[in-house]
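Engineer: Enclosed is the structure file entry_17.pdb (PDB, C-alpha atoms).
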ATOM      1  CA  LEU N   7      -9.755   9.386  14.543
ATOM      2  CA  GLY N   8     -13.091   8.740  12.944
ATOM      3  CA  ARG N   9     -16.695   7.900  13.610
ATOM      4  CA  MET N  10     -17.766   4.310  13.301
ATOM      5  CA  ASP N  11     -20.790   2.094  13.859
ATOM      6  CA  ILE N  12     -20.110  -1.286  15.466
ATOM      7  CA  VAL N  13     -22.626  -4.093  15.724
ATOM      8  CA  LEU N  14     -21.683  -6.577  18.449
ATOM      9  CA  GLN N  15     -23.486  -9.745  19.479
ATOM     10  CA  GLN N  16     -25.460  -9.139  22.667
ATOM     11  CA  HIS N  17     -25.251  -5.388  22.131
ATOM     12  CA  ALA N  18     -27.344  -2.874  20.255
ATOM     13  CA  GLN N  19     -25.833  -0.724  17.583
ATOM     14  CA  ILE N  20     -23.680   1.939  19.172
ATOM     15  CA  ARG N  21     -21.866   4.879  17.598
ATOM     16  CA  HIS N  22     -18.448   5.852  18.884
ATOM     17  CA  SER N  23     -15.783   8.391  18.148
ATOM     18  CA  ALA N  24     -12.850   6.013  18.083
ATOM     19  CA  LEU N  25      -9.266   5.285  17.154
ATOM     20  CA  LEU N  26      -8.768   1.996  15.292
ATOM     21  CA  VAL N  27      -5.509   0.050  15.452
ATOM     22  CA  PHE N  28      -4.753  -2.950  13.245
ATOM     23  CA  GLY N  29      -1.637  -5.111  13.366
ATOM     24  CA  GLY N  30       1.785  -3.911  14.480
ATOM     25  CA  TRP N  31       4.450  -5.429  16.718
ATOM     26  CA  THR N  32       3.600  -7.086  20.020
ATOM     27  CA  ASN N  33       5.650  -7.221  23.210
ATOM     28  CA  GLY N  34       6.679 -10.722  22.202
ATOM     29  CA  SER N  35       8.530  -9.332  19.164
ATOM     30  CA  SER N  36       6.083 -10.780  16.662
ATOM     31  CA  VAL N  37       3.721  -9.103  14.227
ATOM     32  CA  SER N  38       0.008  -9.125  14.880
ATOM     33  CA  SER N  39      -3.300  -9.226  13.005
ATOM     34  CA  GLU N  40      -5.304  -7.986  15.979
ATOM     35  CA  LEU N  41      -7.914  -5.242  15.654
ATOM     36  CA  TRP N  42      -8.411  -2.809  18.528
ATOM     37  CA  LYS N  43     -10.671   0.160  19.138
ATOM     38  CA  PHE N  44      -9.940   3.017  21.541
ATOM     39  CA  ASN N  45     -13.048   4.846  22.708
ATOM     40  CA  VAL N  46     -11.977   8.473  23.074
ATOM     41  CA  THR N  47     -15.087   9.258  25.109
ATOM     42  CA  SER N  48     -14.594   6.653  27.824
ATOM     43  CA  GLY N  49     -10.824   6.335  27.418
ATOM     44  CA  THR N  50     -10.988   2.551  27.174
ATOM     45  CA  TRP N  51      -9.605  -0.044  24.756
ATOM     46  CA  HIS N  52     -11.723  -2.810  23.183
ATOM     47  CA  ASN N  53     -10.285  -5.897  21.493
ATOM     48  CA  LEU N  54     -12.291  -6.568  18.312
ATOM     49  CA  THR N  55     -10.040  -9.349  17.012
ATOM     50  CA  ARG N  56     -12.529 -12.144  17.600
ATOM     51  CA  VAL N  57     -15.381 -10.107  16.139
ATOM     52  CA  GLN N  58     -13.732  -9.361  12.790
ATOM     53  CA  SER N  59     -14.557 -11.731   9.934
ATOM     54  CA  GLY N  60     -14.019 -12.289   6.220
ATOM     55  CA  SER N  61     -10.608 -12.091   4.524
ATOM     56  CA  VAL N  62      -8.689 -10.829   7.564
ATOM     57  CA  PRO N  63      -5.264  -9.484   6.482
ATOM     58  CA  SER N  64      -2.226 -11.478   7.547
ATOM     59  CA  ALA N  65      -0.182 -10.296  10.515
ATOM     60  CA  ARG N  66       1.922  -7.251   9.618
ATOM     61  CA  SER N  67       3.531  -4.007  10.693
ATOM     62  CA  ASN N  68       4.649  -0.793   8.958
ATOM     63  CA  HIS N  69       1.555  -0.862   6.732
ATOM     64  CA  ALA N  70      -0.557   2.029   5.463
ATOM     65  CA  CYS N  71      -4.026   2.463   6.931
ATOM     66  CA  VAL N  72      -6.763   5.091   6.543
ATOM     67  CA  VAL N  73     -10.463   5.399   7.335
ATOM     68  CA  ILE N  74     -12.851   6.736   4.675
ATOM     69  CA  GLY N  75     -16.447   7.027   5.832
ATOM     70  CA  ASP N  76     -17.438   3.681   7.318
ATOM     71  CA  GLN N  77     -14.590   1.723   5.716
ATOM     72  CA  MET N  78     -10.947   1.234   6.656
ATOM     73  CA  ILE N  79      -8.288   0.504   4.014
ATOM     74  CA  VAL N  80      -5.054  -1.369   4.749
ATOM     75  CA  PHE N  81      -2.215  -1.673   2.247
ATOM     76  CA  GLY N  82       1.143  -3.439   2.284
ATOM     77  CA  GLY N  83       3.581  -3.521   5.165
ATOM     78  CA  MET N  84       5.899  -6.302   6.246
ATOM     79  CA  GLY N  85       5.466  -9.706   7.864
ATOM     80  CA  GLN N  86       7.565 -11.252  10.596
ATOM     81  CA  GLU N  87      10.829 -10.841   8.687
ATOM     82  CA  GLY N  88      12.149  -7.599   7.246
ATOM     83  CA  ASP N  89      12.277  -8.998   3.714
ATOM     84  CA  ASP N  90       8.717 -10.332   3.916
ATOM     85  CA  LEU N  91       7.140  -7.408   2.082
ATOM     86  CA  LEU N  92       3.408  -7.255   1.414
ATOM     87  CA  GLY N  93       1.532  -5.589  -1.431
ATOM     88  CA  ASP N  94      -2.075  -6.573  -0.757
ATOM     89  CA  THR N  95      -5.047  -4.274  -0.187
ATOM     90  CA  HIS N  96      -7.888  -4.977   2.258
ATOM     91  CA  ILE N  97     -11.052  -3.102   3.179
ATOM     92  CA  LEU N  98     -12.804  -3.377   6.546
ATOM     93  CA  ASP N  99     -16.521  -2.546   6.753
ATOM     94  CA  LEU N 100     -16.832  -0.736  10.091
ATOM     95  CA  ASN N 101     -20.528  -1.572  10.349
ATOM     96  CA  THR N 102     -20.032  -5.337  10.190
ATOM     97  CA  LEU N 103     -16.278  -5.673  10.883
ATOM     98  CA  ASN N 104     -16.047  -7.836   7.773
ATOM     99  CA  TRP N 105     -12.826  -7.736   5.735
ATOM    100  CA  THR N 106     -12.722  -7.850   1.920
ATOM    101  CA  SER N 107      -9.575  -8.523  -0.100
ATOM    102  CA  VAL N 108      -9.128  -6.297  -3.170
ATOM    103  CA  SER N 109      -8.143  -8.020  -6.403
ATOM    104  CA  MET N 110      -4.776  -6.715  -7.661
ATOM    105  CA  ASP N 111      -5.029  -7.075 -11.426
ATOM    106  CA  GLY N 112      -2.304  -5.935 -13.797
ATOM    107  CA  THR N 113       1.415  -5.300 -13.315
ATOM    108  CA  GLU N 114       3.034  -4.463  -9.999
ATOM    109  CA  GLY N 115       4.499  -0.957 -10.021
ATOM    110  CA  VAL N 116       2.397  -0.007 -13.056
ATOM    111  CA  ASP N 117      -1.204  -0.762 -12.117
ATOM    112  CA  TYR N 118      -0.730  -0.901  -8.350
ATOM    113  CA  PRO N 119       2.081  -0.120  -5.860
ATOM    114  CA  PHE N 120       5.109  -2.327  -5.332
ATOM    115  CA  LYS N 121       5.233  -4.516  -2.254
ATOM    116  CA  SER N 122       6.538  -2.088   0.340
ATOM    117  CA  ARG N 123       6.409  -0.758   3.890
ATOM    118  CA  CYS N 124       6.718   2.541   5.792
ATOM    119  CA  HIS N 125       4.594   4.719   3.522
ATOM    120  CA  ALA N 126       3.004   8.101   4.090
ATOM    121  CA  CYS N 127      -0.747   8.117   3.484
ATOM    122  CA  ALA N 128      -3.671  10.506   3.671
ATOM    123  CA  VAL N 129      -7.297  10.805   2.559
ATOM    124  CA  HIS N 130      -8.689  13.027  -0.176
ATOM    125  CA  ARG N 131     -12.449  12.680  -0.644
ATOM    126  CA  LYS N 132     -13.093   8.978  -1.380
ATOM    127  CA  ARG N 133      -9.452   8.214  -2.176
ATOM    128  CA  MET N 134      -6.481   6.937  -0.211
ATOM    129  CA  ILE N 135      -3.313   8.818  -1.209
ATOM    130  CA  LEU N 136      -0.095   6.795  -0.778
ATOM    131  CA  PHE N 137       3.451   8.110  -1.093
ATOM    132  CA  GLY N 138       6.897   6.590  -0.749
ATOM    133  CA  GLY N 139       7.678   3.434   1.158
ATOM    134  CA  GLY N 140      10.169   0.773   0.179
ATOM    135  CA  SER N 141      12.289  -2.034   1.557
ATOM    136  CA  ASP N 142      15.732  -2.485   3.097
ATOM    137  CA  LYS N 143      17.267  -2.077  -0.367
ATOM    138  CA  VAL N 144      15.116   0.449  -2.210
ATOM    139  CA  CYS N 145      12.989   3.522  -1.505
ATOM    140  CA  TYR N 146      10.178   4.816  -3.705
ATOM    141  CA  ASN N 147       9.072   8.363  -4.423
ATOM    142  CA  THR N 148       5.947   7.349  -6.316
ATOM    143  CA  LEU N 149       2.487   8.726  -5.577
ATOM    144  CA  TRP N 150      -0.598   6.493  -5.780
ATOM    145  CA  SER N 151      -4.330   6.927  -5.381
ATOM    146  CA  PHE N 152      -6.754   4.180  -4.346
ATOM    147  CA  ASP N 153     -10.319   4.947  -5.381
ATOM    148  CA  LEU N 154     -12.664   3.398  -2.829
ATOM    149  CA  LEU N 155     -15.692   3.618  -5.138
ATOM    150  CA  VAL N 156     -14.191   1.493  -7.934
ATOM    151  CA  ARG N 157     -11.619  -0.239  -5.696
ATOM    152  CA  ARG N 158      -8.719   0.404  -8.027
ATOM    153  CA  TRP N 159      -5.208   1.841  -7.704
ATOM    154  CA  MET N 160      -3.983   4.601 -10.016
ATOM    155  CA  LYS N 161      -0.468   5.999 -10.272
ATOM    156  CA  ILE N 162      -0.284   9.787 -10.087
ATOM    157  CA  ASP N 163       2.307  11.383 -12.341
ATOM    158  CA  VAL N 164       3.810  14.382 -10.587
ATOM    159  CA  GLN N 165       5.554  16.750 -12.957
ATOM    160  CA  GLU N 166       7.962  19.511 -12.064
ATOM    161  CA  PRO N 167       6.490  22.961 -12.742
ATOM    162  CA  ARG N 168       7.791  24.500 -15.946
ATOM    163  CA  LEU N 169       9.477  27.513 -14.434
ATOM    164  CA  THR N 170      11.975  29.657 -16.263
ATOM    165  CA  ARG N 171      15.444  30.106 -14.841
ATOM    166  CA  GLU N 172      14.649  33.738 -14.073
ATOM    167  CA  LEU N 173      11.489  32.840 -12.163
ATOM    168  CA  LYS N 174      13.382  30.225 -10.151
ATOM    169  CA  ARG N 175      16.008  32.840  -9.312
ATOM    170  CA  ARG N 176      13.363  35.285  -8.090
ATOM    171  CA  GLN N 177      11.686  32.593  -5.989
ATOM    172  CA  MET N 178      15.007  31.729  -4.358
ATOM    173  CA  GLU N 179      15.703  35.408  -3.642
ATOM    174  CA  ARG N 180      12.358  35.693  -1.851
ATOM    175  CA  ILE N 181      13.139  32.661   0.295
ATOM    176  CA  GLN N 182      16.614  33.948   1.150
ATOM    177  CA  SER N 183      15.202  37.353   2.097
ATOM    178  CA  HIS N 184      13.042  35.717   4.787
ATOM    179  CA  VAL N 185      15.910  33.788   6.348
ATOM    180  CA  GLN N 186      18.862  36.086   5.683
ATOM    181  CA  SER N 187      19.339  36.518   9.413
ATOM    182  CA  LEU N 188      20.145  32.811   9.758
ATOM    183  CA  ASP N 189      23.889  32.281   9.408
ATOM    184  CA  TRP N 190      23.563  28.585   8.671
ATOM    185  CA  PHE N 191      21.330  29.248   5.661
ATOM    186  CA  ASN N 192      23.853  31.573   4.009
ATOM    187  CA  GLU N 193      26.488  28.864   4.312
ATOM    188  CA  LEU N 194      24.382  26.366   2.362
ATOM    189  CA  SER N 195      24.713  25.957  -1.365
ATOM    190  CA  ILE N 196      21.174  25.106  -2.442
ATOM    191  CA  PRO N 197      20.514  24.854  -6.170
ATOM    192  CA  PRO N 198      17.260  26.539  -7.276
ATOM    193  CA  SER N 199      15.968  23.240  -8.642
ATOM    194  CA  ALA N 200      15.983  21.760  -5.142
ATOM    195  CA  VAL N 201      13.033  23.925  -4.179
ATOM    196  CA  PHE N 202      10.865  22.860  -7.076
ATOM    197  CA  SER N 203      11.785  19.206  -7.585
ATOM    198  CA  GLU N 204       9.826  16.233  -6.252
ATOM    199  CA  PRO N 205      10.824  14.636  -2.910
ATOM    200  CA  GLU N 206      13.657  12.149  -2.869
ATOM    201  CA  PRO N 207      12.781   8.469  -2.201
ATOM    202  CA  ARG N 208      12.501   7.817   1.513
ATOM    203  CA  LEU N 209      11.263   5.569   4.305
ATOM    204  CA  PHE N 210       9.459   6.536   7.501
ATOM    205  CA  CYS N 211       8.048   9.645   5.866
ATOM    206  CA  SER N 212       5.098  11.621   7.164
ATOM    207  CA  GLY N 213       2.449  13.558   5.332
ATOM    208  CA  ALA N 214      -0.857  15.395   5.518
ATOM    209  CA  ILE N 215      -3.612  16.253   3.068
ATOM    210  CA  VAL N 216      -5.058  19.636   2.137
ATOM    211  CA  GLU N 217      -7.852  20.690  -0.185
ATOM    212  CA  MET N 218      -6.140  19.962  -3.510
ATOM    213  CA  ASP N 219      -8.421  22.233  -5.512
ATOM    214  CA  GLN N 220      -6.902  25.195  -3.692
ATOM    215  CA  LEU N 221      -3.264  24.307  -4.416
TER
END
Please render this file's structure as structure tokens.
Structural biologist:
Amino acid sequence: LGRMDIVLQQHAQIRHSALLVFGGWTNGSSVSSELWKFNVTSGTWHNLTRVQSGSVPSARSNHACVVIGDQMIVFGGMGQEGDDLLGDTHILDLNTLNWTSVSMDGTEGVDYPFKSRCHACAVHRKRMILFGGGSDKVCYNTLWSFDLLVRRWMKIDVQEPRLTRELKRRQMERIQSHVQSLDWFNELSIPPSAVFSEPEPRLFCSGAIVEMDQL
């Protein structure tokens, strides 16, 4: 959900609290490049497909999408076929509904994310945070940041905290003390490193953002 200004022909500028939907699968089992707006005040849908202009992204599903201020960012996803992976980045100006394609300079997987689908994404300040995703054959556990101000991707290196074996043991004892009444937990053999290691590669993951400065 986000606030957006939309300028339509024959209409004055109106501000709405709205949900934006781009792409996805249709009832006809084909991917779409349609753009829709749901007005949460009136409870009505509006088809903005014919109003959007510029470098409109190709039809896709399972892509990542966030809204930052008055701009919406779309990355990756898949086309009609499961192996038709996409790795492009597009920005929609919510004031004009004009799309801009972001230039992907450098090496895939080093300077910008691999072509992939089914990511988890969130917003931190003026950045889109992207995690995971993959294809039918591979899953990624990489973390990326897209800076909207400079329009550039940056890979975030996540390092495991340097905890001593004794500190890990104490942390695990605290966790076990809170769930010692659960029989199923006592039957599990969980190595201490499992609590402090990074997530395993996965698809269809979900995530949320918090104030990172407080972590």
Engineer: Can you translate the PyMOL selection byres ((chain N and resi 87-90) around 10) into the concrete residues it hits in this file, as an MDAnalysis selection string?
Structural biologist: chainID N and resid 36:37 66:67 83:86 91:92 121:123 141:143
Engineer: Could the residues in this selection be saved with C-alpha atoms as an mmCIF file, in the frame of the given file?
Structural biologist:
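Printed below is out_34.cif as written:
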data_model
loop_
_atom_site.group_PDB
_atom_site.id
_atom_site.type_symbol
_atom_site.label_atom_id
_atom_site.label_comp_id
_atom_site.auth_asym_id
_atom_site.auth_seq_id
_atom_site.Cartn_x
_atom_site.Cartn_y
_atom_site.Cartn_z
ATOM 1 C CA SER N 36 6.083 -10.780 16.662
ATOM 2 C CA VAL N 37 3.721 -9.103 14.227
ATOM 3 C CA ARG N 66 1.922 -7.251 9.618
ATOM 4 C CA SER N 67 3.531 -4.007 10.693
ATOM 5 C CA GLY N 83 3.581 -3.521 5.165
ATOM 6 C CA MET N 84 5.899 -6.302 6.246
ATOM 7 C CA GLY N 85 5.466 -9.706 7.864
ATOM 8 C CA GLN N 86 7.565 -11.252 10.596
ATOM 9 C CA LEU N 91 7.140 -7.408 2.082
ATOM 10 C CA LEU N 92 3.408 -7.255 1.414
ATOM 11 C CA LYS N 121 5.233 -4.516 -2.254
ATOM 12 C CA SER N 122 6.538 -2.088 0.340
ATOM 13 C CA ARG N 123 6.409 -0.758 3.890
ATOM 14 C CA SER N 141 12.289 -2.034 1.557
ATOM 15 C CA ASP N 142 15.732 -2.485 3.097
ATOM 16 C CA LYS N 143 17.267 -2.077 -0.367
#
Engineer: Take every atom of region 72-91 of chain N listed in the file, pad by 5 Å on each side, and give me the axis-aligned box centre and edge lengths in Å, one decimal, as JSON.
Structural biologist:
{"center_x": -2.6, "center_y": -2.1, "center_z": 6.3, "size_x": 39.7, "size_y": 28.3, "size_z": 18.5}
Engineer: Contacts of region 50-55 of chain N at 10 Å or less, counting all atoms listed in the file, minus same-chain residues fewer than 5 places along, as a tab-separated table (two decimals) with C-alpha atoms, keeping the file's coordinate frame?
Structural biologist:
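Contents of the output file out-v5.tsv:
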chain	number	residue	atom	x	y	z
N	12	ILE	CA	-20.11	-1.29	15.47
N	14	LEU	CA	-21.68	-6.58	18.45
N	24	ALA	CA	-12.85	6.01	18.08
N	25	LEU	CA	-9.27	5.28	17.15
N	26	LEU	CA	-8.77	2.00	15.29
N	27	VAL	CA	-5.51	0.05	15.45
N	28	PHE	CA	-4.75	-2.95	13.24
N	39	SER	CA	-3.30	-9.23	13.00
N	40	GLU	CA	-5.30	-7.99	15.98
N	41	LEU	CA	-7.91	-5.24	15.65
N	42	TRP	CA	-8.41	-2.81	18.53
N	43	LYS	CA	-10.67	0.16	19.14
N	44	PHE	CA	-9.94	3.02	21.54
N	45	ASN	CA	-13.05	4.85	22.71
N	62	VAL	CA	-8.69	-10.83	7.56
N	103	LEU	CA	-16.28	-5.67	10.88
Engineer: Give me the result of the PyMOL selection byres ((chain N and resi 81) around 7) on this file, residue by residue, as an mmCIF file with C-alpha atoms, in the coordinates of the input.
Structural biologist:
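Contents of selection_3.cif, as written:
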data_model
loop_
_atom_site.group_PDB
_atom_site.id
_atom_site.type_symbol
_atom_site.label_atom_id
_atom_site.label_comp_id
_atom_site.auth_asym_id
_atom_site.auth_seq_id
_atom_site.Cartn_x
_atom_site.Cartn_y
_atom_site.Cartn_z
ATOM 1 C CA HIS N 69 1.555 -0.862 6.732
ATOM 2 C CA ALA N 70 -0.557 2.029 5.463
ATOM 3 C CA CYS N 71 -4.026 2.463 6.931
ATOM 4 C CA ILE N 79 -8.288 0.504 4.014
ATOM 5 C CA VAL N 80 -5.054 -1.369 4.749
ATOM 6 C CA GLY N 82 1.143 -3.439 2.284
ATOM 7 C CA GLY N 83 3.581 -3.521 5.165
ATOM 8 C CA GLY N 93 1.532 -5.589 -1.431
ATOM 9 C CA ASP N 94 -2.075 -6.573 -0.757
ATOM 10 C CA THR N 95 -5.047 -4.274 -0.187
ATOM 11 C CA HIS N 96 -7.888 -4.977 2.258
#
Engineer: Once the PyMOL selection byres ((chain N and resi 78) around 8) is applied to the coordinates I shared, what remains selected? I want it as a list of chain:residue names.
Structural biologist: N:Cys71, N:Val72, N:Val73, N:Ile74, N:Asp76, N:Gln77, N:Ile79, N:Val80, N:Ile97, N:Leu98, N:Asp99, N:Leu100
Engineer: Hey, can you pull every residue with an atom no more than 12 Å from (-11.5, 11.4, -0.5), using all atoms listed in the file, and send it as a list in words?
Structural biologist: Val72, Val73, Ile74, Gly75, Gln77, Cys127, Ala128, Val129, His130, Arg131, Lys132, Arg133, Met134, Ile135, Ser151, Phe152, Asp153, Leu154, Leu155, Ile215, Val216, Glu217 and Met218 of chain N
Engineer: Would you mind telling me which residue in N:Trp105, N:Thr47, N:Ser35, N:Arg180 lies nearest to Ser64 (chain N) when using only C-alpha atoms?
Structural biologist: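 Among the listed residues, the smallest separation from Ser64 (chain N) belongs to N:Trp105.
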Engineer: Please, what distance in Å, to one decimal, runs between CA of Val164 (chain N) and CA of Gly138 (chain N)?
Structural biologist: 12.9 Å
Engineer: Report, in Å with one decimal, the straight-line distance from CA of Gly30 (chain N) to CA of His125 (chain N).
Structural biologist: 14.2 Å
Engineer: Please determine, counting only C-alpha atoms, which residue among N:Val156, N:Ile181, N:Cys145, N:Val57 has the shortest atom-to-atom distance to Asn104 (chain N).
Structural biologist: N:Val57
Engineer: Please measure the separation of CA of Gly139 (chain N) and CA of Cys124 (chain N), giving the value in Å to one decimal.
Structural biologist: 4.8 Å
